[in-house]
Structure formats: structure tokens, C-alpha cells
>>> print(open('target.cif').read())   # mmCIF, C-alpha atoms and all ligand atoms
data_upload
#
loop_
_atom_site.group_PDB
_atom_site.id
_atom_site.type_symbol
_atom_site.label_atom_id
_atom_site.label_comp_id
_atom_site.auth_asym_id
_atom_site.auth_seq_id
_atom_site.Cartn_x
_atom_site.Cartn_y
_atom_site.Cartn_z
ATOM 1 C CA MET A 1 23.973 -0.421 -9.586
ATOM 2 C CA LYS A 2 20.810 1.465 -8.591
ATOM 3 C CA SER A 3 18.068 -1.062 -9.231
ATOM 4 C CA LEU A 4 17.765 -4.803 -9.505
ATOM 5 C CA ARG A 5 15.191 -7.454 -10.137
ATOM 6 C CA VAL A 6 15.205 -10.628 -8.084
ATOM 7 C CA PHE A 7 13.525 -14.014 -8.034
ATOM 8 C CA ALA A 8 12.273 -14.650 -4.492
ATOM 9 C CA PRO A 9 11.685 -18.395 -4.108
ATOM 10 C CA ALA A 10 8.983 -20.388 -2.370
ATOM 11 C CA THR A 11 10.094 -22.625 0.503
ATOM 12 C CA VAL A 12 8.803 -25.618 2.431
ATOM 13 C CA ALA A 13 9.254 -25.303 6.196
ATOM 14 C CA ASN A 14 9.162 -27.942 8.946
ATOM 15 C CA LEU A 15 9.511 -30.949 6.602
ATOM 16 C CA SER A 16 7.535 -33.033 9.119
ATOM 17 C CA CYS A 17 10.325 -33.718 11.623
ATOM 18 C CA GLY A 18 11.736 -30.178 12.054
ATOM 19 C CA PHE A 19 9.033 -27.785 13.272
ATOM 20 C CA ASP A 20 10.420 -24.230 13.166
ATOM 21 C CA VAL A 21 13.982 -25.429 12.417
ATOM 22 C CA LEU A 22 14.078 -27.262 9.073
ATOM 23 C CA GLY A 23 13.255 -25.942 5.608
ATOM 24 C CA CYS A 24 14.139 -26.139 1.934
ATOM 25 C CA CYS A 25 14.040 -23.852 -1.059
ATOM 26 C CA LEU A 26 12.152 -24.596 -4.294
ATOM 27 C CA GLU A 27 13.182 -24.112 -7.904
ATOM 28 C CA ASN A 28 10.902 -22.204 -10.300
ATOM 29 C CA VAL A 29 8.128 -21.406 -7.811
ATOM 30 C CA GLY A 30 8.405 -17.852 -6.480
ATOM 31 C CA ASP A 31 7.818 -14.109 -6.792
ATOM 32 C CA GLU A 32 9.722 -11.375 -8.545
ATOM 33 C CA MET A 33 10.668 -8.057 -6.977
ATOM 34 C CA GLN A 34 12.225 -4.893 -8.352
ATOM 35 C CA ILE A 35 14.245 -3.050 -5.717
ATOM 36 C CA SER A 36 15.655 0.408 -6.431
ATOM 37 C CA LEU A 37 17.773 2.876 -4.523
ATOM 38 C CA SER A 38 16.195 6.292 -4.391
ATOM 39 C CA ALA A 39 17.516 9.776 -3.610
ATOM 40 C CA GLU A 40 14.687 10.185 -1.085
ATOM 41 C CA ALA A 41 15.613 8.604 2.280
ATOM 42 C CA GLY A 42 13.293 5.931 3.721
ATOM 43 C CA VAL A 43 11.682 2.679 2.601
ATOM 44 C CA ARG A 44 8.604 2.663 0.371
ATOM 45 C CA ILE A 45 6.435 -0.034 -1.189
ATOM 46 C CA THR A 46 5.729 1.516 -4.567
ATOM 47 C CA LYS A 47 3.871 -1.283 -6.348
ATOM 48 C CA ILE A 48 2.258 -4.639 -5.587
ATOM 49 C CA GLU A 49 0.857 -6.849 -8.340
ATOM 50 C CA GLY A 50 -0.771 -10.244 -7.934
ATOM 51 C CA ALA A 51 -1.971 -9.878 -4.333
ATOM 52 C CA ASP A 52 -3.898 -7.566 -2.073
ATOM 53 C CA LEU A 53 -1.182 -6.722 0.458
ATOM 54 C CA PRO A 54 -0.482 -3.582 2.521
ATOM 55 C CA MET A 55 1.343 -0.724 0.782
ATOM 56 C CA ALA A 56 2.202 0.920 4.136
ATOM 57 C CA THR A 57 5.875 0.130 4.749
ATOM 58 C CA ASP A 58 5.433 -0.736 8.421
ATOM 59 C CA LYS A 59 2.572 -3.133 7.617
ATOM 60 C CA ASN A 60 4.363 -4.875 4.745
ATOM 61 C CA VAL A 61 6.762 -7.762 5.476
ATOM 62 C CA ALA A 62 9.310 -6.602 2.878
ATOM 63 C CA GLY A 63 9.140 -3.076 4.287
ATOM 64 C CA VAL A 64 9.769 -4.052 7.922
ATOM 65 C CA ALA A 65 12.598 -6.406 6.954
ATOM 66 C CA VAL A 66 14.438 -3.644 5.077
ATOM 67 C CA ILE A 67 13.772 -1.149 7.898
ATOM 68 C CA ALA A 68 15.385 -3.628 10.358
ATOM 69 C CA MET A 69 18.371 -4.038 8.061
ATOM 70 C CA LEU A 70 18.974 -0.289 7.608
ATOM 71 C CA ALA A 71 18.550 0.249 11.367
ATOM 72 C CA ALA A 72 21.310 -2.320 12.042
ATOM 73 C CA LEU A 73 23.551 -0.264 9.752
ATOM 74 C CA ASN A 74 22.513 2.980 11.518
ATOM 75 C CA ASP A 75 21.643 4.100 8.013
ATOM 76 C CA THR A 76 19.129 6.952 7.927
ATOM 77 C CA LYS A 77 20.068 8.242 4.478
ATOM 78 C CA THR A 78 19.426 5.372 2.088
ATOM 79 C CA GLY A 79 16.186 5.445 0.121
ATOM 80 C CA VAL A 80 14.625 2.174 -1.088
ATOM 81 C CA ASP A 81 11.633 1.655 -3.412
ATOM 82 C CA ILE A 82 10.161 -1.845 -3.491
ATOM 83 C CA GLU A 83 7.969 -3.322 -6.239
ATOM 84 C CA ILE A 84 6.486 -6.753 -5.507
ATOM 85 C CA TYR A 85 5.145 -9.100 -8.186
ATOM 86 C CA LYS A 86 3.449 -11.864 -6.196
ATOM 87 C CA LYS A 87 2.951 -15.305 -7.607
ATOM 88 C CA ILE A 88 2.966 -17.225 -4.306
ATOM 89 C CA LYS A 89 -0.431 -16.844 -2.675
ATOM 90 C CA ALA A 90 -0.577 -15.522 0.873
ATOM 91 C CA GLY A 91 -1.545 -18.206 3.385
ATOM 92 C CA SER A 92 -0.521 -21.033 1.043
ATOM 93 C CA GLY A 93 2.089 -22.615 3.319
ATOM 94 C CA ILE A 94 4.973 -22.296 0.878
ATOM 95 C CA GLY A 95 6.604 -19.229 2.373
ATOM 96 C CA SER A 96 4.808 -16.319 0.719
ATOM 97 C CA SER A 97 5.771 -13.762 3.376
ATOM 98 C CA ALA A 98 9.291 -15.205 3.616
ATOM 99 C CA ALA A 99 9.845 -14.784 -0.124
ATOM 100 C CA SER A 100 8.983 -11.078 0.101
ATOM 101 C CA SER A 101 11.098 -10.309 3.153
ATOM 102 C CA ALA A 102 14.053 -12.440 2.017
ATOM 103 C CA GLY A 103 13.926 -11.038 -1.534
ATOM 104 C CA ALA A 104 13.867 -7.462 -0.269
ATOM 105 C CA VAL A 105 16.787 -7.709 2.167
ATOM 106 C CA TRP A 106 18.869 -9.748 -0.289
ATOM 107 C CA ALA A 107 18.400 -7.135 -3.020
ATOM 108 C CA VAL A 108 19.101 -4.152 -0.744
ATOM 109 C CA ASN A 109 22.229 -5.908 0.523
ATOM 110 C CA GLU A 110 23.449 -6.297 -3.078
ATOM 111 C CA LEU A 111 22.654 -2.652 -3.874
ATOM 112 C CA LEU A 112 24.644 -1.562 -0.804
ATOM 113 C CA SER A 113 27.643 -3.714 -1.890
ATOM 114 C CA ARG A 114 26.982 -6.515 0.605
ATOM 115 C CA PRO A 115 27.512 -5.213 4.132
ATOM 116 C CA PHE A 116 26.035 -8.542 5.366
ATOM 117 C CA THR A 117 26.462 -12.222 4.529
ATOM 118 C CA ASN A 118 23.317 -14.086 3.460
ATOM 119 C CA ALA A 119 23.269 -15.832 6.856
ATOM 120 C CA GLN A 120 23.337 -12.444 8.618
ATOM 121 C CA LEU A 121 20.351 -11.311 6.536
ATOM 122 C CA VAL A 122 18.180 -14.027 8.102
ATOM 123 C CA LYS A 123 17.522 -12.035 11.287
ATOM 124 C CA PHE A 124 16.224 -9.037 9.296
ATOM 125 C CA ALA A 125 13.962 -11.178 7.119
ATOM 126 C CA MET A 126 12.634 -12.781 10.336
ATOM 127 C CA GLU A 127 11.117 -9.394 11.220
ATOM 128 C CA GLY A 128 8.815 -9.881 8.227
ATOM 129 C CA GLU A 129 7.762 -13.244 9.655
ATOM 130 C CA ARG A 130 7.120 -11.630 13.042
ATOM 131 C CA LEU A 131 4.764 -9.182 11.336
ATOM 132 C CA ALA A 132 3.044 -11.858 9.243
ATOM 133 C CA SER A 133 2.461 -14.504 11.900
ATOM 134 C CA GLY A 134 3.263 -12.961 15.278
ATOM 135 C CA ASN A 135 6.338 -15.193 15.523
ATOM 136 C CA ALA A 136 9.795 -14.587 14.074
ATOM 137 C CA HIS A 137 10.392 -18.132 12.836
ATOM 138 C CA ALA A 138 13.342 -18.574 10.465
ATOM 139 C CA ASP A 139 12.590 -21.886 8.765
ATOM 140 C CA ASN A 140 11.263 -20.249 5.569
ATOM 141 C CA VAL A 141 13.511 -17.177 5.363
ATOM 142 C CA ALA A 142 16.710 -19.203 5.962
ATOM 143 C CA PRO A 143 16.259 -21.512 2.945
ATOM 144 C CA ALA A 144 14.969 -18.563 0.866
ATOM 145 C CA LEU A 145 18.238 -16.705 1.564
ATOM 146 C CA LEU A 146 20.750 -19.565 1.667
ATOM 147 C CA GLY A 147 19.168 -22.043 -0.762
ATOM 148 C CA GLY A 148 18.998 -25.821 -0.398
ATOM 149 C CA PHE A 149 18.048 -27.346 2.952
ATOM 150 C CA THR A 150 18.692 -25.309 6.081
ATOM 151 C CA LEU A 151 18.626 -25.932 9.819
ATOM 152 C CA VAL A 152 18.041 -23.328 12.504
ATOM 153 C CA ARG A 153 20.389 -24.916 15.062
ATOM 154 C CA SER A 154 19.516 -22.214 17.599
ATOM 155 C CA TYR A 155 17.294 -19.118 17.826
ATOM 156 C CA ALA A 156 19.125 -17.556 20.774
ATOM 157 C CA PRO A 157 21.714 -16.865 19.609
ATOM 158 C CA LEU A 158 20.609 -17.265 16.010
ATOM 159 C CA ASP A 159 22.655 -20.013 14.341
ATOM 160 C CA VAL A 160 21.529 -21.034 10.854
ATOM 161 C CA LEU A 161 23.228 -23.789 8.857
ATOM 162 C CA LYS A 162 23.006 -24.721 5.198
ATOM 163 C CA LEU A 163 22.822 -28.496 4.830
ATOM 164 C CA HIS A 164 23.858 -30.850 2.022
ATOM 165 C CA THR A 165 21.279 -31.451 -0.736
ATOM 166 C CA PRO A 166 21.215 -34.858 -2.467
ATOM 167 C CA LYS A 167 20.876 -34.205 -6.204
ATOM 168 C CA ASP A 168 17.852 -36.354 -6.945
ATOM 169 C CA LEU A 169 15.253 -34.920 -4.573
ATOM 170 C CA PHE A 170 12.062 -33.420 -6.021
ATOM 171 C CA MET A 171 9.057 -31.891 -4.321
ATOM 172 C CA THR A 172 5.432 -32.249 -5.276
ATOM 173 C CA ILE A 173 3.280 -29.581 -3.660
ATOM 174 C CA ILE A 174 -0.492 -29.433 -3.728
ATOM 175 C CA HIS A 175 -1.982 -26.116 -2.662
ATOM 176 C CA PRO A 176 -5.703 -26.283 -1.938
ATOM 177 C CA GLN A 177 -6.928 -22.715 -2.230
ATOM 178 C CA ILE A 178 -8.333 -22.355 1.215
ATOM 179 C CA GLU A 179 -6.460 -19.836 3.300
ATOM 180 C CA VAL A 180 -4.876 -21.082 6.522
ATOM 181 C CA LYS A 181 -3.157 -18.166 8.227
ATOM 182 C CA THR A 182 0.122 -19.120 9.922
ATOM 183 C CA ALA A 183 -0.960 -17.202 13.032
ATOM 184 C CA ASP A 184 -4.160 -19.334 13.280
ATOM 185 C CA SER A 185 -2.304 -22.519 12.485
ATOM 186 C CA ARG A 186 0.204 -21.766 15.256
ATOM 187 C CA ARG A 187 -2.641 -21.282 17.719
ATOM 188 C CA VAL A 188 -3.752 -24.906 17.387
ATOM 189 C CA VAL A 189 -0.279 -26.131 18.362
ATOM 190 C CA LYS A 190 -0.060 -26.988 22.067
ATOM 191 C CA PRO A 191 2.981 -25.435 23.792
ATOM 192 C CA THR A 192 4.128 -28.607 25.590
ATOM 193 C CA VAL A 193 5.242 -31.958 24.201
ATOM 194 C CA ALA A 194 5.303 -35.384 25.836
ATOM 195 C CA LEU A 195 8.854 -36.652 26.239
ATOM 196 C CA LYS A 196 8.105 -39.863 24.317
ATOM 197 C CA LYS A 197 6.990 -37.842 21.283
ATOM 198 C CA ALA A 198 9.969 -35.507 21.556
ATOM 199 C CA VAL A 199 12.293 -38.526 21.495
ATOM 200 C CA THR A 200 10.631 -39.794 18.310
ATOM 201 C CA GLN A 201 10.821 -36.349 16.709
ATOM 202 C CA TRP A 202 14.481 -35.602 17.424
ATOM 203 C CA GLY A 203 15.413 -39.108 16.317
ATOM 204 C CA ASN A 204 13.717 -38.355 13.000
ATOM 205 C CA LEU A 205 15.316 -34.925 12.662
ATOM 206 C CA GLY A 206 18.764 -36.430 13.197
ATOM 207 C CA GLY A 207 17.920 -39.243 10.772
ATOM 208 C CA PHE A 208 16.723 -36.813 8.111
ATOM 209 C CA ILE A 209 19.917 -34.754 8.288
ATOM 210 C CA ALA A 210 22.093 -37.893 8.294
ATOM 211 C CA GLY A 211 20.143 -39.012 5.201
ATOM 212 C CA LEU A 212 20.856 -35.708 3.421
ATOM 213 C CA TYR A 213 24.588 -36.025 4.065
ATOM 214 C CA THR A 214 24.841 -39.686 3.049
ATOM 215 C CA ASN A 215 22.431 -39.379 0.081
ATOM 216 C CA ASP A 216 20.422 -42.134 1.760
ATOM 217 C CA TYR A 217 16.966 -41.626 0.260
ATOM 218 C CA ASP A 218 15.345 -44.417 2.279
ATOM 219 C CA LEU A 219 16.599 -42.891 5.521
ATOM 220 C CA ILE A 220 15.278 -39.492 4.411
ATOM 221 C CA GLY A 221 11.908 -41.119 3.714
ATOM 222 C CA ARG A 222 11.547 -42.970 6.994
ATOM 223 C CA SER A 223 12.574 -39.835 8.906
ATOM 224 C CA LEU A 224 9.733 -37.823 7.344
ATOM 225 C CA GLU A 225 7.414 -38.445 10.263
ATOM 226 C CA ASP A 226 5.705 -35.875 12.489
ATOM 227 C CA VAL A 227 4.170 -37.196 15.706
ATOM 228 C CA ILE A 228 3.757 -33.736 17.268
ATOM 229 C CA ILE A 229 2.421 -31.039 14.944
ATOM 230 C CA GLU A 230 0.786 -32.930 12.078
ATOM 231 C CA PRO A 231 -1.922 -34.591 14.209
ATOM 232 C CA MET A 232 -2.973 -31.130 15.491
ATOM 233 C CA ARG A 233 -2.881 -29.282 12.183
ATOM 234 C CA SER A 234 -3.894 -31.861 9.595
ATOM 235 C CA ILE A 235 -7.552 -31.539 10.594
ATOM 236 C CA LEU A 236 -7.489 -28.031 9.019
ATOM 237 C CA ILE A 237 -6.594 -29.527 5.602
ATOM 238 C CA PRO A 238 -9.280 -31.335 3.563
ATOM 239 C CA GLU A 239 -8.230 -34.831 2.362
ATOM 240 C CA PHE A 240 -4.846 -34.599 4.107
ATOM 241 C CA GLU A 241 -4.598 -38.306 5.051
ATOM 242 C CA ASN A 242 -5.820 -39.339 1.627
ATOM 243 C CA VAL A 243 -3.260 -37.166 -0.187
ATOM 244 C CA LYS A 244 -0.474 -38.406 2.071
ATOM 245 C CA SER A 245 -1.256 -42.096 1.642
ATOM 246 C CA THR A 246 -1.734 -41.662 -2.126
ATOM 247 C CA ALA A 247 1.674 -39.943 -2.387
ATOM 248 C CA LEU A 248 3.346 -42.800 -0.481
ATOM 249 C CA GLU A 249 1.549 -45.472 -2.565
ATOM 250 C CA ASN A 250 2.850 -43.769 -5.709
ATOM 251 C CA GLY A 251 6.468 -43.871 -4.624
ATOM 252 C CA ALA A 252 7.053 -40.682 -2.601
ATOM 253 C CA LEU A 253 9.709 -41.015 0.104
ATOM 254 C CA GLY A 254 7.462 -39.135 2.513
ATOM 255 C CA ALA A 255 4.752 -36.483 2.710
ATOM 256 C CA GLY A 256 3.429 -33.994 5.220
ATOM 257 C CA ILE A 257 2.132 -30.478 5.813
ATOM 258 C CA SER A 258 4.124 -27.767 4.063
ATOM 259 C CA GLY A 259 4.903 -25.138 6.691
ATOM 260 C CA SER A 260 1.691 -24.255 8.484
ATOM 261 C CA GLY A 261 -0.484 -25.542 5.592
ATOM 262 C CA PRO A 262 -2.777 -25.844 3.783
ATOM 263 C CA SER A 263 -0.247 -26.968 1.156
ATOM 264 C CA ILE A 264 0.856 -30.577 1.402
ATOM 265 C CA PHE A 265 4.318 -31.636 0.228
ATOM 266 C CA ALA A 266 5.595 -34.984 -0.979
ATOM 267 C CA LEU A 267 9.323 -35.569 -1.372
ATOM 268 C CA SER A 268 10.440 -38.056 -4.020
ATOM 269 C CA LYS A 269 13.597 -39.484 -5.497
ATOM 270 C CA GLY A 270 13.598 -38.390 -9.133
ATOM 271 C CA LYS A 271 11.386 -36.078 -11.156
ATOM 272 C CA THR A 272 9.479 -38.958 -12.784
ATOM 273 C CA THR A 273 8.232 -40.155 -9.401
ATOM 274 C CA ALA A 274 7.412 -36.596 -8.293
ATOM 275 C CA GLU A 275 5.308 -36.156 -11.454
ATOM 276 C CA LYS A 276 3.566 -39.492 -10.924
ATOM 277 C CA VAL A 277 2.741 -38.390 -7.369
ATOM 278 C CA ALA A 278 1.378 -35.098 -8.747
ATOM 279 C CA LYS A 279 -1.011 -36.928 -11.111
ATOM 280 C CA ALA A 280 -2.184 -39.268 -8.361
ATOM 281 C CA ILE A 281 -2.893 -36.587 -5.746
ATOM 282 C CA GLU A 282 -4.594 -34.433 -8.351
ATOM 283 C CA LYS A 283 -7.159 -37.254 -8.689
ATOM 284 C CA VAL A 284 -7.715 -37.169 -4.923
ATOM 285 C CA TYR A 285 -8.450 -33.446 -4.961
ATOM 286 C CA GLN A 286 -10.567 -33.162 -8.103
ATOM 287 C CA PRO A 287 -13.787 -34.546 -6.554
ATOM 288 C CA THR A 288 -13.597 -32.127 -3.602
ATOM 289 C CA GLY A 289 -14.497 -29.134 -5.768
ATOM 290 C CA ILE A 290 -11.773 -27.128 -4.006
ATOM 291 C CA ILE A 291 -9.597 -25.156 -6.431
ATOM 292 C CA PHE A 292 -5.971 -26.235 -6.158
ATOM 293 C CA ASP A 293 -2.527 -25.768 -7.728
ATOM 294 C CA ILE A 294 0.102 -28.463 -8.069
ATOM 295 C CA HIS A 295 3.831 -27.799 -8.435
ATOM 296 C CA VAL A 296 6.659 -30.212 -9.115
ATOM 297 C CA ALA A 297 9.977 -28.577 -8.263
ATOM 298 C CA GLY A 298 13.619 -29.460 -7.735
ATOM 299 C CA ILE A 299 15.521 -28.111 -4.750
ATOM 300 C CA ASN A 300 16.868 -24.619 -5.411
ATOM 301 C CA ALA A 301 20.502 -24.562 -4.310
ATOM 302 C CA ASN A 302 20.890 -20.769 -4.494
ATOM 303 C CA GLY A 303 17.954 -19.081 -2.789
ATOM 304 C CA VAL A 304 17.138 -15.530 -3.888
ATOM 305 C CA THR A 305 18.855 -14.708 -7.186
ATOM 306 C CA MET A 306 19.131 -11.806 -9.561
ATOM 307 C CA VAL A 307 16.910 -11.968 -12.662
ATOM 308 C CA SER A 308 18.839 -10.944 -15.757
HETATM 309 N N1 LIG B 401 7.461 -23.232 11.204
HETATM 310 C C1 LIG B 401 6.377 -22.386 10.804
HETATM 311 C C2 LIG B 401 5.089 -22.969 11.305
HETATM 312 C C3 LIG B 401 6.381 -22.303 9.301
HETATM 313 O O1 LIG B 401 4.904 -24.176 11.134
HETATM 314 O O2 LIG B 401 4.265 -22.273 11.863
HETATM 315 C C4 LIG B 401 5.287 -21.451 8.725
HETATM 316 O O3 LIG B 401 5.386 -21.504 7.301
#
>>> encode(input="target.cif", output="C-alpha cells", more="lines below")
Ligand code: HSE
Amino acid sequence: MKSLRVFAPATVANLSCGFDVLGCCLENVGDEMQISLSAEAGVRITKIEGADLPMATDKNVAGVAVIAMLAALNDTKTGVDIEIYKKIKAGSGIGSSAASSAGAVWAVNELLSRPFTNAQLVKFAMEGERLASGNAHADNVAPALLGGFTLVRSYAPLDVLKLHTPKDLFMTIIHPQIEVKTADSRRVVKPTVALKKAVTQWGNLGGFIAGLYTNDYDLIGRSLEDVIIEPMRSILIPEFENVKSTALENGALGAGISGSGPSIFALSKGKTTAEKVAKAIEKVYQPTGIIFDIHVAGINANGVTMVS
């Protein structure tokens, strides 16, 4: 095999209670990439469609992720050409940079007959996140590579777990087309947390994960609470409180900021409810005059996959 085409999925990070540690992978929403081995050593970005992103390998998240991977193999001979067909908009909050870096390392790993497990690929894809946001967070790249819901149990040493996914969970995502750069959105987050808030947050994180494993949708819903980050970041997102309360009134289990925003997610039990939520929040956004996209998506159990 010398070339392959992959689907690189969108992801929702944080999920309210798990800043920088929790994330999940979406079905149907994502980019495509064509990755080819070349006789000429080195990593090149040969084509980008759908976005204005850097072609220079060391400035492109997919490029730096693959460079990190080949360096770990002490491989100076392999040549890689990367074509990126972007559908996820940069700065949308649904893991645009993560999709590119995860898709690239996953495909190169396949082409090299899998020297790494998908979990081992996370640290290389994180180099793309370091370039994109100044911080090598793993809560988008982990679900993009492993699929389903994932937890970063520890960053040092890196310990990433794939969690159980109840079968009836569906996401509604509204993406207002204002750009909120992750780097800027991280700057508004204060570095210290009051103990009382930390207690609330880790209670919710534990509750959310217990809910996933027991298929307890109500527990999942009441754990979707963010007393730390959301109050600081939600002011950057027009109509955030309105969208959130409308989603809850229309049956969503919970709602919050997707990653660093500006997208807002609502998690529901069943596709019918997720679609009802989509219609209701669409009505909230229409009068604002801000252009927006809405996606309804199941949870993608596989992560990056080959496109036949
Ligand atoms: N955990 C990261 C953040 C996710 O909130 O900054 C960015 O998508």
C-alpha cells in the first residue's frame, strides 16, 4: 500500500466537566485526507482544499505531527505527501486541527504497517495541537484516534483511556461562524481554581464516566455541568445561555461549550430529541444575523478510518 484516503473526524472536547481530559468523536462530520508514501524523503503538504492553512510542513499541524512520529522511529528515509480536504472550519471548536494531525499520523502508521498502536499515536498528534494553540492538549486528538469517549487520565506520563459509549447518545452542535482561536480562548481561563469548584467539577467528571458505563442517561445529564471554565468562556459566544436553556427545555440531557468554542454542543438521548434540539436552537440563532451551521451526529466508535 503506497497511498490511502482517510476520514478524519470532528470531536467535542471538555464536555463541560472534563476540561482538557474528556472528549468524544463524531460520526459523519469531518475532513478527508489523502496520504501517500513518496520516494523522496521528508514530509510535504502537497494540497489543501477548503481552508487557507499553511503549506509549509513545519507550520502545518499535520506536518509537525508526522515529523514527530518519524523522529520517534529514527526514520530519515520515509517520504510522505499529505493532501488535506478540509470540511471542519478552523477555530470552530470541534477539533479542526486535531482532525488533521490525527488523520495524518493514523494514515502514515497504516502505510508503515503499524509500528504504533492508536493510543501511542496520541502523543504525536498532540504536537499538532501544540502548534495550533500553544498547548499540547490531547482531549480532541485522543477521541479522533481512538473513537468513542476518551479520558486523558494523566499527561505526565501520558495515559489515555477509551471509555464505554452508551448506544443512544446523539450530539447537536451549533457552530456560529465567528472565529474563536483556542489560544485566545485559553488565555481567558484563570490558572487557579477554588477548591469548592474543583470538588464540584471532579464529582461531575466521575458522575459522567459512571453514567457512560451504566448507560444512565440521567446521570450523564446531571453531570454535564461546568462551574470553572464555562463562566469565563461563555461570554465570547453570542446567545450562549439562550442556546443552552433552549436545548435543555427541548429535552437535551445537557449542553455546554464544545472545546474552546464558539460551537455549542447539546447531548441527547435519541436522534429524534437531538433533531428537535437542533430545530429549537436554530430559531434562537436566526435573529442574530450570524451565519451558523448545525450538525446532528451520533458518536463515532472508530475514530479515523480508511475511506474506500
Ligand atoms: N481542552 C481544550 C480547550 C480543547 O478547552 O482549550 C480545545 O478544543
>>> closest_residue(input="target.cif", among="A:Ile281, A:Asp75, A:Ile174, A:Ile220", to="A:Pro115", atoms="all atoms listed in the file")
A:Asp75
>>> resolve_selection(input="target.cif", expression="the PyMOL selection byres (((chain A and resi 232) around 10) and not hetatm)", output="NGL selection string")
:A and (185-186 or 188-190 or 227-231 or 233-236)
>>> residues_near_ligand(input="target.cif", ligand="ligand LIG 401 (chain B)", cutoff="10 Å", atoms="all atoms listed in the file", output="compact mmCIF listing (two decimals) with C-alpha atoms, keeping the file's coordinate frame")
# COMPACT_ATOMS: atom_id res chain seq x y z
CA THR A 11 10.09 -22.62 0.50
CA VAL A 12 8.80 -25.62 2.43
CA ALA A 13 9.25 -25.30 6.20
CA ASN A 14 9.16 -27.94 8.95
CA LEU A 15 9.51 -30.95 6.60
CA SER A 16 7.54 -33.03 9.12
CA GLY A 18 11.74 -30.18 12.05
CA PHE A 19 9.03 -27.78 13.27
CA ASP A 20 10.42 -24.23 13.17
CA VAL A 21 13.98 -25.43 12.42
CA LEU A 22 14.08 -27.26 9.07
CA GLY A 23 13.26 -25.94 5.61
CA GLY A 91 -1.54 -18.21 3.38
CA SER A 92 -0.52 -21.03 1.04
CA GLY A 93 2.09 -22.62 3.32
CA ILE A 94 4.97 -22.30 0.88
CA GLY A 95 6.60 -19.23 2.37
CA SER A 96 4.81 -16.32 0.72
CA SER A 97 5.77 -13.76 3.38
CA ALA A 98 9.29 -15.20 3.62
CA GLU A 129 7.76 -13.24 9.65
CA ALA A 132 3.04 -11.86 9.24
CA SER A 133 2.46 -14.50 11.90
CA GLY A 134 3.26 -12.96 15.28
CA ASN A 135 6.34 -15.19 15.52
CA ALA A 136 9.80 -14.59 14.07
CA HIS A 137 10.39 -18.13 12.84
CA ALA A 138 13.34 -18.57 10.46
CA ASP A 139 12.59 -21.89 8.76
CA ASN A 140 11.26 -20.25 5.57
CA VAL A 141 13.51 -17.18 5.36
CA LYS A 181 -3.16 -18.17 8.23
CA THR A 182 0.12 -19.12 9.92
CA ALA A 183 -0.96 -17.20 13.03
CA ASP A 184 -4.16 -19.33 13.28
CA SER A 185 -2.30 -22.52 12.48
CA ARG A 186 0.20 -21.77 15.26
CA ARG A 187 -2.64 -21.28 17.72
CA VAL A 189 -0.28 -26.13 18.36
CA ILE A 229 2.42 -31.04 14.94
CA GLU A 230 0.79 -32.93 12.08
CA ARG A 233 -2.88 -29.28 12.18
CA ILE A 257 2.13 -30.48 5.81
CA SER A 258 4.12 -27.77 4.06
CA GLY A 259 4.90 -25.14 6.69
CA SER A 260 1.69 -24.26 8.48
CA GLY A 261 -0.48 -25.54 5.59
CA PRO A 262 -2.78 -25.84 3.78
CA SER A 263 -0.25 -26.97 1.16
>>> closest_residue(input="target.cif", among="A:Glu249, A:Glu225, A:Glu32, A:Glu239", to="A:Ala280", atoms="only C-alpha atoms")
A:Glu249
>>> atom_distance(input="target.cif", atom1="atom CA of A:Ser113", atom2="atom CA of A:Ala39")
17.0 Å
>>> residues_around(input="target.cif", residues="A:Pro9", least_positions_apart="2", cutoff="7 Å", atoms="only C-alpha atoms", output="list in words")
Phe7, Thr11, Cys25, Leu26, Val29, Gly30, Asp31, Ala99, Ala144, Gly303 and Val304 of chain A
>>> residues_around(input="target.cif", residues="A:Leu4", least_positions_apart="6", cutoff="10 Å", atoms="all atoms listed in the file", output="VMD selection string")
chain A and resid 33 to 37 107 to 108 110 to 111 306 to 308
>>> atom_distance(input="target.cif", atom1="atom CA of A:Lys123", atom2="atom CA of A:Ala68")
8.7 Å
>>> resolve_selection(input="target.cif", expression="the PyMOL selection byres (((chain A and resi 162) around 8) and not hetatm)", output="list in words")
Pro143, Leu146, Gly147, Gly148, Phe149, Thr150, Leu151, Val160, Leu161, Leu163 and His164 of chain A
>>> residues_around(input="target.cif", residues="A:Pro54", least_positions_apart="6", cutoff="12 Å", atoms="only C-alpha atoms", output="ChimeraX atom specification")
/A:44-48,60-64,84,97,131-132
>>> build_atoms(input="target.cif", residues="stretch 12-24 of chain A", atoms="N, CA and C atoms", output="JSON list (two decimals), keeping the file's coordinate frame")
[["chain", "number", "residue", "atom", "x", "y", "z"],
["A", 12, "VAL", "N", 9.61, -24.69, 1.63],
["A", 12, "VAL", "CA", 8.80, -25.62, 2.43],
["A", 12, "VAL", "C", 9.46, -25.69, 3.81],
["A", 13, "ALA", "N", 8.71, -25.29, 4.83],
["A", 13, "ALA", "CA", 9.25, -25.30, 6.20],
["A", 13, "ALA", "C", 8.76, -26.54, 6.94],
["A", 14, "ASN", "N", 9.45, -26.84, 8.00],
["A", 14, "ASN", "CA", 9.16, -27.94, 8.95],
["A", 14, "ASN", "C", 9.59, -29.31, 8.42],
["A", 15, "LEU", "N", 9.19, -29.63, 7.18],
["A", 15, "LEU", "CA", 9.51, -30.95, 6.60],
["A", 15, "LEU", "C", 9.22, -32.07, 7.60],
["A", 16, "SER", "N", 8.06, -32.04, 8.17],
["A", 16, "SER", "CA", 7.54, -33.03, 9.12],
["A", 16, "SER", "C", 8.32, -33.12, 10.44],
["A", 17, "CYS", "N", 9.60, -33.42, 10.37],
["A", 17, "CYS", "CA", 10.32, -33.72, 11.62],
["A", 17, "CYS", "C", 11.00, -32.48, 12.23],
["A", 18, "GLY", "N", 10.96, -31.31, 11.54],
["A", 18, "GLY", "CA", 11.74, -30.18, 12.05],
["A", 18, "GLY", "C", 10.94, -28.91, 12.23],
["A", 19, "PHE", "N", 9.87, -28.97, 13.05],
["A", 19, "PHE", "CA", 9.03, -27.78, 13.27],
["A", 19, "PHE", "C", 9.88, -26.57, 13.68],
["A", 20, "ASP", "N", 9.75, -25.52, 12.92],
["A", 20, "ASP", "CA", 10.42, -24.23, 13.17],
["A", 20, "ASP", "C", 11.95, -24.25, 12.95],
["A", 21, "VAL", "N", 12.52, -25.41, 12.58],
["A", 21, "VAL", "CA", 13.98, -25.43, 12.42],
["A", 21, "VAL", "C", 14.45, -25.90, 11.04],
["A", 22, "LEU", "N", 13.62, -26.67, 10.34],
["A", 22, "LEU", "CA", 14.08, -27.26, 9.07],
["A", 22, "LEU", "C", 13.31, -26.65, 7.91],
["A", 23, "GLY", "N", 13.97, -26.46, 6.78],
["A", 23, "GLY", "CA", 13.26, -25.94, 5.61],
["A", 23, "GLY", "C", 14.05, -26.19, 4.35],
["A", 24, "CYS", "N", 13.40, -26.04, 3.20],
["A", 24, "CYS", "CA", 14.14, -26.14, 1.93],
["A", 24, "CYS", "C", 13.54, -25.19, 0.91]]
